[in-house]
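Structure file entry-v7.pdb with PDB, C-alpha atoms, pLDDT in the B column:
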ATOM      1  CA  MET A   1       0.000   0.000   0.000  1.00 51.00           C
ATOM      2  CA  ALA A   2       2.879   2.377   0.721  1.00 51.00           C
ATOM      3  CA  GLY A   3       4.181   2.012  -2.813  1.00 49.00           C
ATOM      4  CA  ASN A   4       0.727   2.618  -4.232  1.00 56.00           C
ATOM      5  CA  ALA A   5       0.340   5.762  -2.128  1.00 59.00           C
ATOM      6  CA  LEU A   6       3.642   7.079  -3.454  1.00 59.00           C
ATOM      7  CA  CYS A   7       2.552   6.327  -7.029  1.00 55.00           C
ATOM      8  CA  LEU A   8      -0.767   8.055  -6.560  1.00 59.00           C
ATOM      9  CA  ARG A   9       0.947  11.121  -5.137  1.00 60.00           C
ATOM     10  CA  SER A  10       3.279  11.169  -8.139  1.00 59.00           C
ATOM     11  CA  TYR A  11       0.245  11.062 -10.427  1.00 59.00           C
ATOM     12  CA  GLN A  12      -1.370  13.945  -8.550  1.00 63.00           C
ATOM     13  CA  LEU A  13       1.760  16.039  -8.949  1.00 57.00           C
ATOM     14  CA  ILE A  14       1.935  15.173 -12.658  1.00 63.00           C
ATOM     15  CA  SER A  15      -1.568  16.566 -13.101  1.00 60.00           C
ATOM     16  CA  LEU A  16      -0.261  19.800 -11.571  1.00 55.00           C
ATOM     17  CA  GLY A  17       2.646  19.912 -13.994  1.00 60.00           C
ATOM     18  CA  GLN A  18       5.235  18.483 -11.608  1.00 61.00           C
ATOM     19  CA  ALA A  19       7.094  15.259 -12.411  1.00 62.00           C
ATOM     20  CA  ALA A  20       7.819  13.872  -8.935  1.00 65.00           C
ATOM     21  CA  THR A  21      10.409  11.278  -9.862  1.00 78.00           C
ATOM     22  CA  ASP A  22      11.787  11.237  -6.319  1.00 78.00           C
ATOM     23  CA  LEU A  23       8.497   9.712  -5.172  1.00 81.00           C
ATOM     24  CA  THR A  24       8.604   7.366  -8.139  1.00 84.00           C
ATOM     25  CA  ASP A  25      12.076   6.183  -7.148  1.00 84.00           C
ATOM     26  CA  LYS A  26      10.759   5.360  -3.683  1.00 85.00           C
ATOM     27  CA  SER A  27       7.724   3.520  -5.041  1.00 84.00           C
ATOM     28  CA  LEU A  28       9.993   1.399  -7.234  1.00 89.00           C
ATOM     29  CA  GLU A  29      12.053   0.497  -4.188  1.00 87.00           C
ATOM     30  CA  VAL A  30       8.828  -0.852  -2.691  1.00 87.00           C
ATOM     31  CA  ALA A  31       8.118  -2.701  -5.933  1.00 85.00           C
ATOM     32  CA  ALA A  32      11.539  -4.337  -5.902  1.00 89.00           C
ATOM     33  CA  ARG A  33      10.918  -5.703  -2.409  1.00 87.00           C
ATOM     34  CA  SER A  34       7.393  -6.941  -3.110  1.00 85.00           C
ATOM     35  CA  ALA A  35       6.819 -10.674  -3.548  1.00 78.00           C
ATOM     36  CA  GLN A  36       3.520 -10.090  -5.367  1.00 87.00           C
ATOM     37  CA  PRO A  37       3.884  -9.903  -9.185  1.00 90.00           C
ATOM     38  CA  ALA A  38       0.693  -7.855  -9.603  1.00 90.00           C
ATOM     39  CA  VAL A  39       1.967  -5.219  -7.192  1.00 90.00           C
ATOM     40  CA  LYS A  40       5.247  -5.075  -9.087  1.00 92.00           C
ATOM     41  CA  SER A  41       3.334  -4.722 -12.374  1.00 92.00           C
ATOM     42  CA  LEU A  42       1.275  -1.792 -11.170  1.00 92.00           C
ATOM     43  CA  LEU A  43       4.080   0.104  -9.470  1.00 93.00           C
ATOM     44  CA  TYR A  44       6.536  -0.329 -12.323  1.00 95.00           C
ATOM     45  CA  GLN A  45       3.928   0.627 -14.928  1.00 95.00           C
ATOM     46  CA  ARG A  46       2.976   3.773 -13.058  1.00 92.00           C
ATOM     47  CA  GLY A  47       6.614   4.525 -12.447  1.00 93.00           C
ATOM     48  CA  ALA A  48       7.338   4.238 -16.154  1.00 94.00           C
ATOM     49  CA  TRP A  49       4.693   6.856 -16.876  1.00 93.00           C
ATOM     50  CA  THR A  50       6.083   9.394 -14.412  1.00 91.00           C
ATOM     51  CA  TYR A  51       9.574   8.919 -15.838  1.00 93.00           C
ATOM     52  CA  ALA A  52       8.199   9.383 -19.358  1.00 94.00           C
ATOM     53  CA  VAL A  53       6.472  12.631 -18.404  1.00 91.00           C
ATOM     54  CA  ALA A  54       9.776  13.770 -16.901  1.00 90.00           C
ATOM     55  CA  GLY A  55      11.498  12.967 -20.207  1.00 93.00           C
ATOM     56  CA  ASN A  56      13.700  10.223 -18.772  1.00 94.00           C
ATOM     57  CA  ALA A  57      13.743   7.542 -21.468  1.00 98.00           C
ATOM     58  CA  GLU A  58      16.347   5.390 -19.719  1.00 97.00           C
ATOM     59  CA  ARG A  59      14.362   5.078 -16.489  1.00 96.00           C
ATOM     60  CA  THR A  60      11.157   4.588 -18.462  1.00 97.00           C
ATOM     61  CA  ALA A  61      12.688   1.652 -20.299  1.00 98.00           C
ATOM     62  CA  PHE A  62      13.958   0.197 -17.026  1.00 97.00           C
ATOM     63  CA  ALA A  63      10.549   0.403 -15.346  1.00 97.00           C
ATOM     64  CA  LEU A  64       8.777  -1.101 -18.350  1.00 98.00           C
ATOM     65  CA  GLY A  65      11.308  -3.922 -18.424  1.00 98.00           C
ATOM     66  CA  GLN A  66      10.704  -4.665 -14.759  1.00 96.00           C
ATOM     67  CA  ALA A  67       6.942  -4.622 -15.316  1.00 96.00           C
ATOM     68  CA  GLU A  68       7.327  -7.110 -18.150  1.00 96.00           C
ATOM     69  CA  GLU A  69       9.481  -9.338 -15.966  1.00 95.00           C
ATOM     70  CA  ALA A  70       6.824  -9.251 -13.235  1.00 93.00           C
ATOM     71  CA  LEU A  71       4.182 -10.206 -15.773  1.00 91.00           C
ATOM     72  CA  GLY A  72       6.169 -13.289 -16.702  1.00 87.00           C
ATOM     73  CA  ASN A  73       6.405 -14.443 -13.084  1.00 81.00           C
ATOM     74  CA  ASN A  74       3.864 -17.244 -12.719  1.00 65.00           C
ATOM     75  CA  HIS A  75       4.749 -17.912  -9.099  1.00 66.00           C
ATOM     76  CA  VAL A  76       2.105 -16.062  -7.095  1.00 60.00           C
ATOM     77  CA  PRO A  77       2.591 -16.341  -3.297  1.00 56.00           C
ATOM     78  CA  ALA A  78      -0.884 -15.039  -2.484  1.00 57.00           C
ATOM     79  CA  GLU A  79      -3.974 -13.637  -4.121  1.00 69.00           C
ATOM     80  CA  ALA A  80      -3.250 -10.293  -5.725  1.00 69.00           C
ATOM     81  CA  PRO A  81      -4.829  -7.250  -4.035  1.00 74.00           C
ATOM     82  CA  ASP A  82      -7.708  -5.708  -5.971  1.00 76.00           C
ATOM     83  CA  TRP A  83      -5.951  -2.361  -6.285  1.00 75.00           C
ATOM     84  CA  ALA A  84      -3.123  -3.991  -8.253  1.00 79.00           C
ATOM     85  CA  SER A  85      -4.568  -7.020 -10.046  1.00 84.00           C
ATOM     86  CA  TRP A  86      -6.200  -5.036 -12.876  1.00 84.00           C
ATOM     87  CA  ALA A  87      -2.792  -3.880 -14.158  1.00 86.00           C
ATOM     88  CA  HIS A  88      -1.276  -7.368 -14.230  1.00 89.00           C
ATOM     89  CA  SER A  89      -1.952  -8.161 -17.886  1.00 93.00           C
ATOM     90  CA  GLN A  90      -0.137  -8.011 -21.197  1.00 96.00           C
ATOM     91  CA  THR A  91      -2.702  -5.602 -22.615  1.00 97.00           C
ATOM     92  CA  GLU A  92      -2.334  -3.105 -19.769  1.00 96.00           C
ATOM     93  CA  LEU A  93       1.446  -3.268 -20.102  1.00 98.00           C
ATOM     94  CA  GLU A  94       1.213  -2.636 -23.854  1.00 98.00           C
ATOM     95  CA  ILE A  95      -1.066   0.334 -23.261  1.00 98.00           C
ATOM     96  CA  ILE A  96       1.206   2.021 -20.739  1.00 98.00           C
ATOM     97  CA  ALA A  97       4.289   1.236 -22.826  1.00 99.00           C
ATOM     98  CA  GLY A  98       2.653   2.773 -25.881  1.00 99.00           C
ATOM     99  CA  ARG A  99       1.628   5.861 -23.956  1.00 98.00           C
ATOM    100  CA  CYS A 100       5.112   6.230 -22.468  1.00 98.00           C
ATOM    101  CA  TRP A 101       6.866   6.001 -25.808  1.00 99.00           C
ATOM    102  CA  THR A 102       4.361   8.382 -27.365  1.00 99.00           C
ATOM    103  CA  GLU A 103       5.051  10.879 -24.587  1.00 97.00           C
ATOM    104  CA  LEU A 104       8.780  10.480 -25.261  1.00 98.00           C
ATOM    105  CA  ARG A 105       8.224  10.899 -29.026  1.00 98.00           C
ATOM    106  CA  ARG A 106       9.433   7.401 -29.862  1.00 98.00           C
ATOM    107  CA  PRO A 107       6.749   6.310 -32.370  1.00 99.00           C
ATOM    108  CA  LEU A 108       8.621   3.239 -33.593  1.00 98.00           C
ATOM    109  CA  ARG A 109       8.216   1.812 -30.098  1.00 98.00           C
ATOM    110  CA  ALA A 110       4.828   3.340 -29.347  1.00 99.00           C
ATOM    111  CA  VAL A 111       2.865   2.245 -32.412  1.00 99.00           C
ATOM    112  CA  PRO A 112       3.448  -1.542 -32.195  1.00 99.00           C
ATOM    113  CA  ALA A 113       2.574  -1.595 -28.490  1.00 99.00           C
ATOM    114  CA  LEU A 114      -0.637   0.388 -28.916  1.00 99.00           C
ATOM    115  CA  GLU A 115      -1.705  -1.483 -32.053  1.00 99.00           C
ATOM    116  CA  ALA A 116      -1.266  -4.801 -30.239  1.00 98.00           C
ATOM    117  CA  ALA A 117      -3.278  -3.566 -27.268  1.00 98.00           C
ATOM    118  CA  MET A 118      -6.091  -2.058 -29.333  1.00 98.00           C
ATOM    119  CA  ALA A 119      -6.490  -5.286 -31.313  1.00 98.00           C
ATOM    120  CA  LYS A 120      -7.454  -7.004 -28.046  1.00 97.00           C
ATOM    121  CA  TYR A 121      -9.250  -4.166 -26.258  1.00 97.00           C
ATOM    122  CA  ASP A 122     -13.016  -4.530 -26.485  1.00 97.00           C
ATOM    123  CA  ASP A 123     -15.048  -1.668 -27.944  1.00 97.00           C
ATOM    124  CA  SER A 124     -17.466  -1.951 -25.023  1.00 96.00           C
ATOM    125  CA  HIS A 125     -14.869  -0.041 -22.987  1.00 96.00           C
ATOM    126  CA  ALA A 126     -15.559   2.942 -25.220  1.00 97.00           C
ATOM    127  CA  ARG A 127     -14.266   5.724 -22.995  1.00 97.00           C
ATOM    128  CA  ASP A 128     -10.892   4.162 -22.295  1.00 97.00           C
ATOM    129  CA  LYS A 129     -10.387   2.786 -25.787  1.00 98.00           C
ATOM    130  CA  SER A 130     -11.108   6.161 -27.371  1.00 98.00           C
ATOM    131  CA  LEU A 131      -8.434   7.710 -25.154  1.00 98.00           C
ATOM    132  CA  TYR A 132      -5.891   5.034 -26.033  1.00 98.00           C
ATOM    133  CA  LEU A 133      -6.649   5.402 -29.743  1.00 99.00           C
ATOM    134  CA  SER A 134      -5.881   9.102 -29.392  1.00 98.00           C
ATOM    135  CA  TRP A 135      -2.408   8.161 -28.166  1.00 98.00           C
ATOM    136  CA  LEU A 136      -2.030   5.871 -31.161  1.00 99.00           C
ATOM    137  CA  ALA A 137      -3.031   8.723 -33.467  1.00 99.00           C
ATOM    138  CA  ASP A 138      -0.488  10.951 -31.744  1.00 98.00           C
ATOM    139  CA  ALA A 139       2.248   8.358 -32.247  1.00 99.00           C
ATOM    140  CA  TYR A 140       1.374   7.931 -35.920  1.00 99.00           C
ATOM    141  CA  LEU A 141       1.625  11.697 -36.392  1.00 98.00           C
ATOM    142  CA  ASP A 142       5.100  11.648 -34.863  1.00 98.00           C
ATOM    143  CA  ALA A 143       5.998   8.908 -37.329  1.00 98.00           C
ATOM    144  CA  GLY A 144       4.741  11.023 -40.235  1.00 97.00           C
ATOM    145  CA  GLU A 145       1.915   8.582 -40.972  1.00 98.00           C
ATOM    146  CA  VAL A 146      -0.896  11.122 -41.185  1.00 98.00           C
ATOM    147  CA  GLU A 147      -3.445   8.844 -42.859  1.00 97.00           C
ATOM    148  CA  HIS A 148      -2.989   6.149 -40.208  1.00 98.00           C
ATOM    149  CA  ALA A 149      -3.244   8.836 -37.553  1.00 98.00           C
ATOM    150  CA  ALA A 150      -6.499  10.108 -39.042  1.00 98.00           C
ATOM    151  CA  THR A 151      -7.936   6.605 -39.135  1.00 97.00           C
ATOM    152  CA  SER A 152      -7.054   6.005 -35.482  1.00 98.00           C
ATOM    153  CA  LEU A 153      -8.497   9.312 -34.335  1.00 98.00           C
ATOM    154  CA  GLY A 154     -11.622   8.724 -36.411  1.00 97.00           C
ATOM    155  CA  ARG A 155     -12.147   5.427 -34.591  1.00 98.00           C
ATOM    156  CA  ALA A 156     -11.669   7.265 -31.310  1.00 97.00           C
ATOM    157  CA  PHE A 157     -14.365   9.782 -32.227  1.00 96.00           C
ATOM    158  CA  ASP A 158     -16.713   6.945 -33.204  1.00 96.00           C
ATOM    159  CA  LEU A 159     -16.261   5.257 -29.838  1.00 96.00           C
ATOM    160  CA  SER A 160     -16.548   8.436 -27.796  1.00 94.00           C
ATOM    161  CA  SER A 161     -19.714   9.700 -29.484  1.00 91.00           C
ATOM    162  CA  ASN A 162     -21.994   8.289 -26.785  1.00 89.00           C
ATOM    163  CA  VAL A 163     -19.619   8.570 -23.833  1.00 91.00           C
ATOM    164  CA  ALA A 164     -20.884  10.836 -21.060  1.00 88.00           C
ATOM    165  CA  SER A 165     -17.473  12.172 -20.099  1.00 89.00           C
ATOM    166  CA  ALA A 166     -15.649  15.358 -21.040  1.00 90.00           C
ATOM    167  CA  ARG A 167     -12.177  13.859 -20.913  1.00 91.00           C
ATOM    168  CA  PRO A 168     -12.248  11.912 -24.214  1.00 93.00           C
ATOM    169  CA  GLN A 169     -13.535  14.935 -26.141  1.00 90.00           C
ATOM    170  CA  GLN A 170     -10.927  17.192 -24.560  1.00 92.00           C
ATOM    171  CA  ARG A 171      -8.133  14.744 -25.322  1.00 95.00           C
ATOM    172  CA  LEU A 172      -9.367  14.070 -28.862  1.00 96.00           C
ATOM    173  CA  GLY A 173      -9.703  17.786 -29.494  1.00 94.00           C
ATOM    174  CA  ALA A 174      -6.103  18.357 -28.423  1.00 95.00           C
ATOM    175  CA  VAL A 175      -4.840  15.682 -30.814  1.00 97.00           C
ATOM    176  CA  LEU A 176      -7.128  16.967 -33.561  1.00 97.00           C
ATOM    177  CA  ASP A 177      -5.402  20.356 -33.409  1.00 96.00           C
ATOM    178  CA  GLN A 178      -2.265  18.687 -34.758  1.00 96.00           C
ATOM    179  CA  PHE A 179      -4.056  17.848 -38.008  1.00 97.00           C
ATOM    180  CA  GLU A 180      -4.621  21.493 -38.984  1.00 95.00           C
ATOM    181  CA  ASP A 181      -1.443  21.534 -41.073  1.00 94.00           C
ATOM    182  CA  HIS A 182      -2.419  18.352 -42.926  1.00 96.00           C
ATOM    183  CA  LYS A 183      -5.757  19.301 -44.482  1.00 94.00           C
ATOM    184  CA  SER A 184      -4.663  18.124 -47.924  1.00 94.00           C
ATOM    185  CA  VAL A 185      -4.146  14.542 -46.716  1.00 95.00           C
ATOM    186  CA  ALA A 186      -6.964  12.103 -47.464  1.00 91.00           C
ATOM    187  CA  GLY A 187      -9.517  11.927 -44.684  1.00 92.00           C
ATOM    188  CA  VAL A 188      -8.179  14.831 -42.644  1.00 97.00           C
ATOM    189  CA  ALA A 189     -10.745  17.428 -43.752  1.00 95.00           C
ATOM    190  CA  ASP A 190     -13.578  15.079 -42.789  1.00 94.00           C
ATOM    191  CA  LEU A 191     -11.874  14.396 -39.467  1.00 96.00           C
ATOM    192  CA  LEU A 192     -11.516  18.100 -38.675  1.00 96.00           C
ATOM    193  CA  ALA A 193     -15.221  18.557 -39.358  1.00 93.00           C
ATOM    194  CA  ARG A 194     -15.979  16.224 -36.451  1.00 89.00           C
ATOM    195  CA  ARG A 195     -14.752  18.685 -33.841  1.00 84.00           C
ATOM    196  CA  PRO A 196     -17.550  19.400 -31.317  1.00 70.00           C
ATOM    197  CA  ALA A 197     -19.085  22.828 -31.931  1.00 61.00           C
ATOM    198  CA  ASN A 198     -18.955  23.629 -28.219  1.00 55.00           C
ATOM    199  CA  PRO A 199     -16.739  21.184 -26.263  1.00 50.00           C
ATOM    200  CA  VAL A 200     -17.584  22.766 -22.899  1.00 46.00           C
ATOM    201  CA  GLN A 201     -21.109  21.421 -23.253  1.00 42.00           C
ATOM    202  CA  VAL A 202     -19.922  17.827 -23.313  1.00 39.00           C
ATOM    203  CA  GLY A 203     -21.120  16.056 -20.154  1.00 36.00           C
ATOM    204  CA  ARG A 204     -18.687  14.732 -17.599  1.00 31.00           C
TER     205      ARG A 204
END
What do you get writing this file as C-alpha cells?
Amino acid sequence: MAGNALCLRSYQLISLGQAATDLTDKSLEVAARSAQPAVKSLLYQRGAWTYAVAGNAERTAFALGQAEEALGNNHVPAEAPDWASWAHSQTELEIIAGRCWTELRRPLRAVPALEAAMAKYDDSHARDKSLYLSWLADAYLDAGEVEHAATSLGRAFDLSSNVASARPQQRLGAVLDQFEDHKSVAGVADLLARRPANPVQVGR
C-alpha cells in the first residue's frame, strides 16, 4: 500500500505539472521488495509513466522492463490485491508502454505496443479505448503517418460519441489540433469537421 500511495501522489503532482520522480524512485524500491507480481506490475507501470512525463527515457525503459518481468512471473505467493490485479496483464502493459513512448516521441516503439493492445481491447470499454486510440493517433503523427493517424483518431471519435465524459472529447480535441497543417491529406478534412461545436457542453 505504501508504494501505491507514493505512485498516486506522483500522479497527482503530474496533473499539476510536476514530475515527482523522487516519489517514483521510492515507489519502485517498494516494488523491488514486493513478492507479489501484480503489485510489481502496477508500481513499475505507473513509475514508467512518471519517468516518461519527466522525459527520462532510460528510467522509463527500465521500469517497463521490470513490469514485463513481473508479468512473466507465474509464481504467485498469495492472491493479488484488488488495487493492483487489474494492471497485471499483457494488454495493460502494452497500453502504458505505448503511452510512455508516445510521450517520449518514440513512435517506432509506441505504435506496435498500442496497435497490439487495441487489437485485443473490447469496444465496449468505449471511454478508455477512445483515449488510447488518441495516443495511437499521436504516435502515428510523430511517425509522419498522417493517414494512419487520421484513421485512429476517427475510430476514437466513433467510440466516444456516446460517452458521457468530457475527458475523451478534450483529449481528442487536443490531438485533432495537430491535423490542422495536414488538411490536404486524405480523410483529414472530414476528421476536422468532427470537432464538437462547443466542447464545454460535453457532459462529464
Inset, instruction - Could you state which residues are captured by the PyMOL selection byres ((chain A and resi 141) around 12) in this file, as a ChimeraX atom specification? - result: /A:102,105-108,110-111,134-140,142-153,175-182
Inset, instruction - Place a sphere of radius 8 Å on (1.4, 2.5, -24.3) in the file coordinates and name every protein, DNA or RNA residue with an atom inside or on its surface, counting all atoms listed in the file; give the answer as a PyMOL selection string. - result: chain A and resi 93-102+110+113-114+132+135
Inset, instruction - To one decimal in Å, tell me the separation between atom CA of A:Ala54 and atom CA of A:Ser85. - result: 26.2 Å
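Interatomic distance, atom CA of A:Glu29 to atom CA of A:Leu71: 17.6 Å.
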Stretch 131-179 of chain A residues near stretch 119-126 of chain A within 8 Å, closest pair each, using all atoms listed in the file, as a Markdown table:
| residue | atom | partner | partner_atom | distance |
| --- | --- | --- | --- | --- |
| A:Leu159 | CA | A:Ala126 | CA | 5.2 |
| A:Ser160 | CA | A:Ala126 | CA | 6.1 |
| A:Val163 | CA | A:Ala126 | CA | 7.1 |
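For the pair atom CA of A:Leu192 and atom CA of A:Val53, the separation is 27.6 Å.
Minimum atom-to-atom distance to A:Met118, evaluated using all atoms listed in the file, belongs to A:Leu133 out of A:Leu133, A:Ala52, A:Ala84, A:Ala61.
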